[in-house]
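In what follows, a single structure is set out as structure tokens and then discussed.
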Amino acid sequence: MQQSNSYALITGASQGLGRAFAFEFAKRKTNLVLVALPNENLQELASQLADFQILVHYFETDLSLGENVEALAQTINENFRVHILINNAGRGGTMRFEEAGMDYLDGILQLNIVAPTLLTRLLLPNLRQQKQAYMLSVSSMAAFSPIGYKTVYPASKAFIRYWSLGLREELKGSGVSVSVVYPGPMKTNVDVTQRIEKQGFMGKVGLLTPTKIAAIAVREMFQGKATIVPGFANKLNRALMALLPKFIKIPLISNAVEKEVG
């Protein structure tokens, strides 16, 4: 057990928002445990982050498999003190539901819902041992409305929303602060960038860089905020989504997303 040092653990750390989180914590001189799929250049990223004069460890594993989540948590609990948990790993996509394969659907459900739930449960005793600990889970602006042609993804992010806020209430006074962040569109890779461009104006509302979102999310997490909506445009969008009736809101968003599938 690394008694003299504590760590921030970040899932999905190899690219996009997860990578941005890693650099944000490195700038704050926070030791890191990075988790991502194999063959995503995690070793190279760890080397870059070590230049910030922090300790960096990494694990390559597929968190969509329950046994991998359990094995990772056991290794972490036996070797590291964790005072920050960032549940960032997730999977999305756009597809007609009737054309989606079983592996596609199961992958979203396992990675977006099951993995963060189980990992948090297994690491919670570790977090509670620290004087002050923080947990941040990544939801999405998609959590505020059902969306045709995505269907399962926004539902999975709505789960993260309600689960996180319920857990926050349960852990009041425990020393573990729970927050949830709702990013809008981010150009994290070529595939996501192409999908955003296909949606036109609607797809770009609230567009921010992963670096900007990570900076806002970490700052407000440390402030103890429950709900973090980065950027004025996303805050406005959330307010509008709350006001619009479902018979307007759902078709409006779904028609924009349908452009991705043609």
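Going through the structure tokens in order, the chains are called A, B, and so on, while each chain numbers its residues from 1 and the ligands are numbered from 1 in the order shown.
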
* strand (DSSP E) call set, DSSP backbone run, stretch 163-192 of chain A, as a VMD selection string -> chain A and resid 176 to 181

* So which residues touch A:Ser64 within 8 Å, counting only C-alpha atoms, skipping near sequence neighbours fewer than 6 positions away, as JSON, numbers by chain? -> {"A": [107, 110, 111, 114, 115]}

Given the selection you just returned, output its residues as a file containing N, CA and C atoms, formatted as an mmCIF file, in the first residue's frame.
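Once everything was written out, this is selection_38.cif:
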data_model
loop_
_atom_site.group_PDB
_atom_site.id
_atom_site.type_symbol
_atom_site.label_atom_id
_atom_site.label_comp_id
_atom_site.auth_asym_id
_atom_site.auth_seq_id
_atom_site.Cartn_x
_atom_site.Cartn_y
_atom_site.Cartn_z
ATOM 1 N N GLY A 107 -22.376 -3.527 -25.311
ATOM 2 C CA GLY A 107 -21.169 -2.749 -25.044
ATOM 3 C C GLY A 107 -21.483 -1.409 -24.404
ATOM 4 N N GLN A 110 -22.877 -2.102 -20.743
ATOM 5 C CA GLN A 110 -21.840 -2.563 -19.817
ATOM 6 C C GLN A 110 -20.854 -1.454 -19.467
ATOM 7 N N LEU A 111 -20.400 -0.712 -20.470
ATOM 8 C CA LEU A 111 -19.368 0.293 -20.218
ATOM 9 C C LEU A 111 -19.940 1.561 -19.597
ATOM 10 N N VAL A 114 -22.876 -0.426 -16.141
ATOM 11 C CA VAL A 114 -22.414 -1.462 -15.214
ATOM 12 C C VAL A 114 -21.016 -1.174 -14.691
ATOM 13 N N ALA A 115 -20.085 -0.843 -15.580
ATOM 14 C CA ALA A 115 -18.692 -0.646 -15.161
ATOM 15 C C ALA A 115 -18.528 0.452 -14.115
#

* From the list A:Val176, A:Leu85, A:Ala71, A:Ile248, which residue is nearest A:Ala22 when using only C-alpha atoms? ->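 Using only C-alpha atoms, A:Ala22 sits closest to A:Leu85.
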
* For A:Arg238, the nearest of the candidates A:Ile84, A:Ala142, A:Leu55, A:Met135, counting only C-alpha atoms ->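 Distance minimum relative to A:Arg238 lands on A:Ala142.
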
* Quote the spacing between atom CA of A:Gln53 and atom CA of A:Ile86 in Å to one decimal place. =>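 Calculated distance between atom CA of A:Gln53 and atom CA of A:Ile86 is 20.9 Å.
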
* Asked: Taking only C-alpha atoms into account, which of A:Leu49, A:Leu37, A:Val152, A:Leu17 comes nearest A:Pro185?
  ->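 Closest to A:Pro185, using only C-alpha atoms: A:Leu17.
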
* Skip A:Thr61 itself and residues of its chain fewer than 3 positions away, then list as a PyMOL selection string all residues within 10 Å of it, counting only C-alpha atoms. => chain A and resi 11-12+35-39+58+64-65+68-69+71-72

* stretch 6-155 of chain A: residues DSSP assigns to alpha helix (DSSP H), reported as a PyMOL selection string -> chain A and resi 16-27+42-50+66-79+102-109+115-128+152-155

* **Which residue of A:Ile108, A:Ile113, A:Ala20, A:Leu252 approaches A:Thr209 most closely, using only C-alpha atoms** =>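 Once distances to A:Thr209 are computed over only C-alpha atoms, the minimum belongs to A:Ala20.
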
* Asked: Which residues come within 8 Å of A:Leu127, counting only C-alpha atoms, excluding same-chain residues fewer than 2 positions away, as an NGL selection string?
  -> :A and (81-84 or 123-125 or 129-130 or 133-134 or 176)

Just write the chosen residues, C-alpha atoms, as a PDB file, in the first residue's frame.
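Dumped everything to again.pdb:
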ATOM      1  CA  ARG A  81      -4.769   5.084  -1.846  1.00  0.00           C
ATOM      2  CA  VAL A  82      -7.381   6.739  -4.084  1.00  0.00           C
ATOM      3  CA  HIS A  83      -8.860  10.128  -3.183  1.00  0.00           C
ATOM      4  CA  ILE A  84     -10.309  10.963  -6.607  1.00  0.00           C
ATOM      5  CA  LEU A 123     -13.438   1.427  -4.629  1.00  0.00           C
ATOM      6  CA  LEU A 124     -15.764   3.255  -2.237  1.00  0.00           C
ATOM      7  CA  PRO A 125     -14.158   1.811   0.929  1.00  0.00           C
ATOM      8  CA  GLN A 129     -10.496   5.977   4.090  1.00  0.00           C
ATOM      9  CA  GLN A 130      -9.172   9.320   2.819  1.00  0.00           C
ATOM     10  CA  ALA A 133     -12.327  12.282  -1.426  1.00  0.00           C
ATOM     11  CA  TYR A 134     -14.076  13.163  -4.669  1.00  0.00           C
ATOM     12  CA  VAL A 176     -16.740  11.685  -0.160  1.00  0.00           C
TER      13      VAL A 176
END

Can you pull out the residues contacting A:Ala215? Cut-off 12 Å, using only C-alpha atoms, and skip same-chain residues under 6 positions away; I want them as a PDB file with N, CA and C atoms, in the first residue's frame.
ATOM      1  N   LEU A  17     -11.756  13.365 -23.516  1.00  0.00           N
ATOM      2  CA  LEU A  17     -11.943  13.988 -22.215  1.00  0.00           C
ATOM      3  C   LEU A  17     -11.096  13.319 -21.135  1.00  0.00           C
ATOM      4  N   GLY A  18     -10.953  12.003 -21.192  1.00  0.00           N
ATOM      5  CA  GLY A  18     -10.137  11.310 -20.203  1.00  0.00           C
ATOM      6  C   GLY A  18      -8.694  11.779 -20.220  1.00  0.00           C
ATOM      7  N   ARG A  19      -8.145  11.940 -21.405  1.00  0.00           N
ATOM      8  CA  ARG A  19      -6.776  12.441 -21.552  1.00  0.00           C
ATOM      9  C   ARG A  19      -6.673  13.867 -21.011  1.00  0.00           C
ATOM     10  N   ALA A  20      -7.703  14.683 -21.303  1.00  0.00           N
ATOM     11  CA  ALA A  20      -7.715  16.063 -20.806  1.00  0.00           C
ATOM     12  C   ALA A  20      -7.770  16.089 -19.278  1.00  0.00           C
ATOM     13  N   PHE A  21      -8.549  15.197 -18.684  1.00  0.00           N
ATOM     14  CA  PHE A  21      -8.585  15.081 -17.221  1.00  0.00           C
ATOM     15  C   PHE A  21      -7.190  14.769 -16.680  1.00  0.00           C
ATOM     16  N   ALA A  22      -6.503  13.850 -17.344  1.00  0.00           N
ATOM     17  CA  ALA A  22      -5.178  13.446 -16.888  1.00  0.00           C
ATOM     18  C   ALA A  22      -4.218  14.637 -16.852  1.00  0.00           C
ATOM     19  N   PHE A  23      -4.222  15.439 -17.884  1.00  0.00           N
ATOM     20  CA  PHE A  23      -3.337  16.603 -17.916  1.00  0.00           C
ATOM     21  C   PHE A  23      -3.769  17.666 -16.912  1.00  0.00           C
ATOM     22  N   GLU A  24      -5.067  17.808 -16.703  1.00  0.00           N
ATOM     23  CA  GLU A  24      -5.558  18.779 -15.730  1.00  0.00           C
ATOM     24  C   GLU A  24      -5.085  18.411 -14.321  1.00  0.00           C
ATOM     25  N   PHE A  25      -5.166  17.150 -13.968  1.00  0.00           N
ATOM     26  CA  PHE A  25      -4.698  16.729 -12.649  1.00  0.00           C
ATOM     27  C   PHE A  25      -3.181  16.783 -12.551  1.00  0.00           C
ATOM     28  N   ALA A  26      -2.501  16.466 -13.647  1.00  0.00           N
ATOM     29  CA  ALA A  26      -1.038  16.535 -13.633  1.00  0.00           C
ATOM     30  C   ALA A  26      -0.572  17.958 -13.360  1.00  0.00           C
ATOM     31  N   LYS A  27      -1.240  18.940 -13.958  1.00  0.00           N
ATOM     32  CA  LYS A  27      -0.908  20.343 -13.712  1.00  0.00           C
ATOM     33  C   LYS A  27      -1.104  20.702 -12.240  1.00  0.00           C
ATOM     34  N   ARG A  28      -2.035  19.991 -11.591  1.00  0.00           N
ATOM     35  CA  ARG A  28      -2.306  20.233 -10.175  1.00  0.00           C
ATOM     36  C   ARG A  28      -1.425  19.358  -9.273  1.00  0.00           C
ATOM     37  N   VAL A 181     -20.868  15.542 -14.291  1.00  0.00           N
ATOM     38  CA  VAL A 181     -20.662  16.575 -15.297  1.00  0.00           C
ATOM     39  C   VAL A 181     -21.399  16.190 -16.577  1.00  0.00           C
ATOM     40  N   PRO A 183     -21.117  17.112 -20.268  1.00  0.00           N
ATOM     41  CA  PRO A 183     -20.508  17.762 -21.435  1.00  0.00           C
ATOM     42  C   PRO A 183     -21.478  17.824 -22.605  1.00  0.00           C
ATOM     43  N   LEU A 208     -17.381  22.540 -26.971  1.00  0.00           N
ATOM     44  CA  LEU A 208     -16.204  22.960 -26.223  1.00  0.00           C
ATOM     45  C   LEU A 208     -15.110  21.922 -26.412  1.00  0.00           C
ATOM     46  N   THR A 209     -13.869  22.325 -26.179  1.00  0.00           N
ATOM     47  CA  THR A 209     -12.767  21.375 -26.264  1.00  0.00           C
ATOM     48  C   THR A 209     -12.730  20.511 -25.005  1.00  0.00           C
ATOM     49  N   MET A 221     -15.755  20.373  -9.312  1.00  0.00           N
ATOM     50  CA  MET A 221     -15.757  19.174  -8.469  1.00  0.00           C
ATOM     51  C   MET A 221     -15.128  19.487  -7.114  1.00  0.00           C
ATOM     52  N   PHE A 222     -13.990  20.174  -7.130  1.00  0.00           N
ATOM     53  CA  PHE A 222     -13.318  20.532  -5.883  1.00  0.00           C
ATOM     54  C   PHE A 222     -14.133  21.554  -5.074  1.00  0.00           C
ATOM     55  N   ILE A 228     -22.579  19.757 -12.780  1.00  0.00           N
ATOM     56  CA  ILE A 228     -21.639  20.610 -13.503  1.00  0.00           C
ATOM     57  C   ILE A 228     -22.020  20.617 -14.985  1.00  0.00           C
ATOM     58  N   PRO A 230     -20.817  22.509 -18.232  1.00  0.00           N
ATOM     59  CA  PRO A 230     -19.759  23.408 -18.719  1.00  0.00           C
ATOM     60  C   PRO A 230     -20.240  24.334 -19.841  1.00  0.00           C
ATOM     61  N   GLY A 231     -19.972  25.623 -19.693  1.00  0.00           N
ATOM     62  CA  GLY A 231     -20.240  26.576 -20.760  1.00  0.00           C
ATOM     63  C   GLY A 231     -21.622  27.186 -20.717  1.00  0.00           C
TER      64      GLY A 231
END
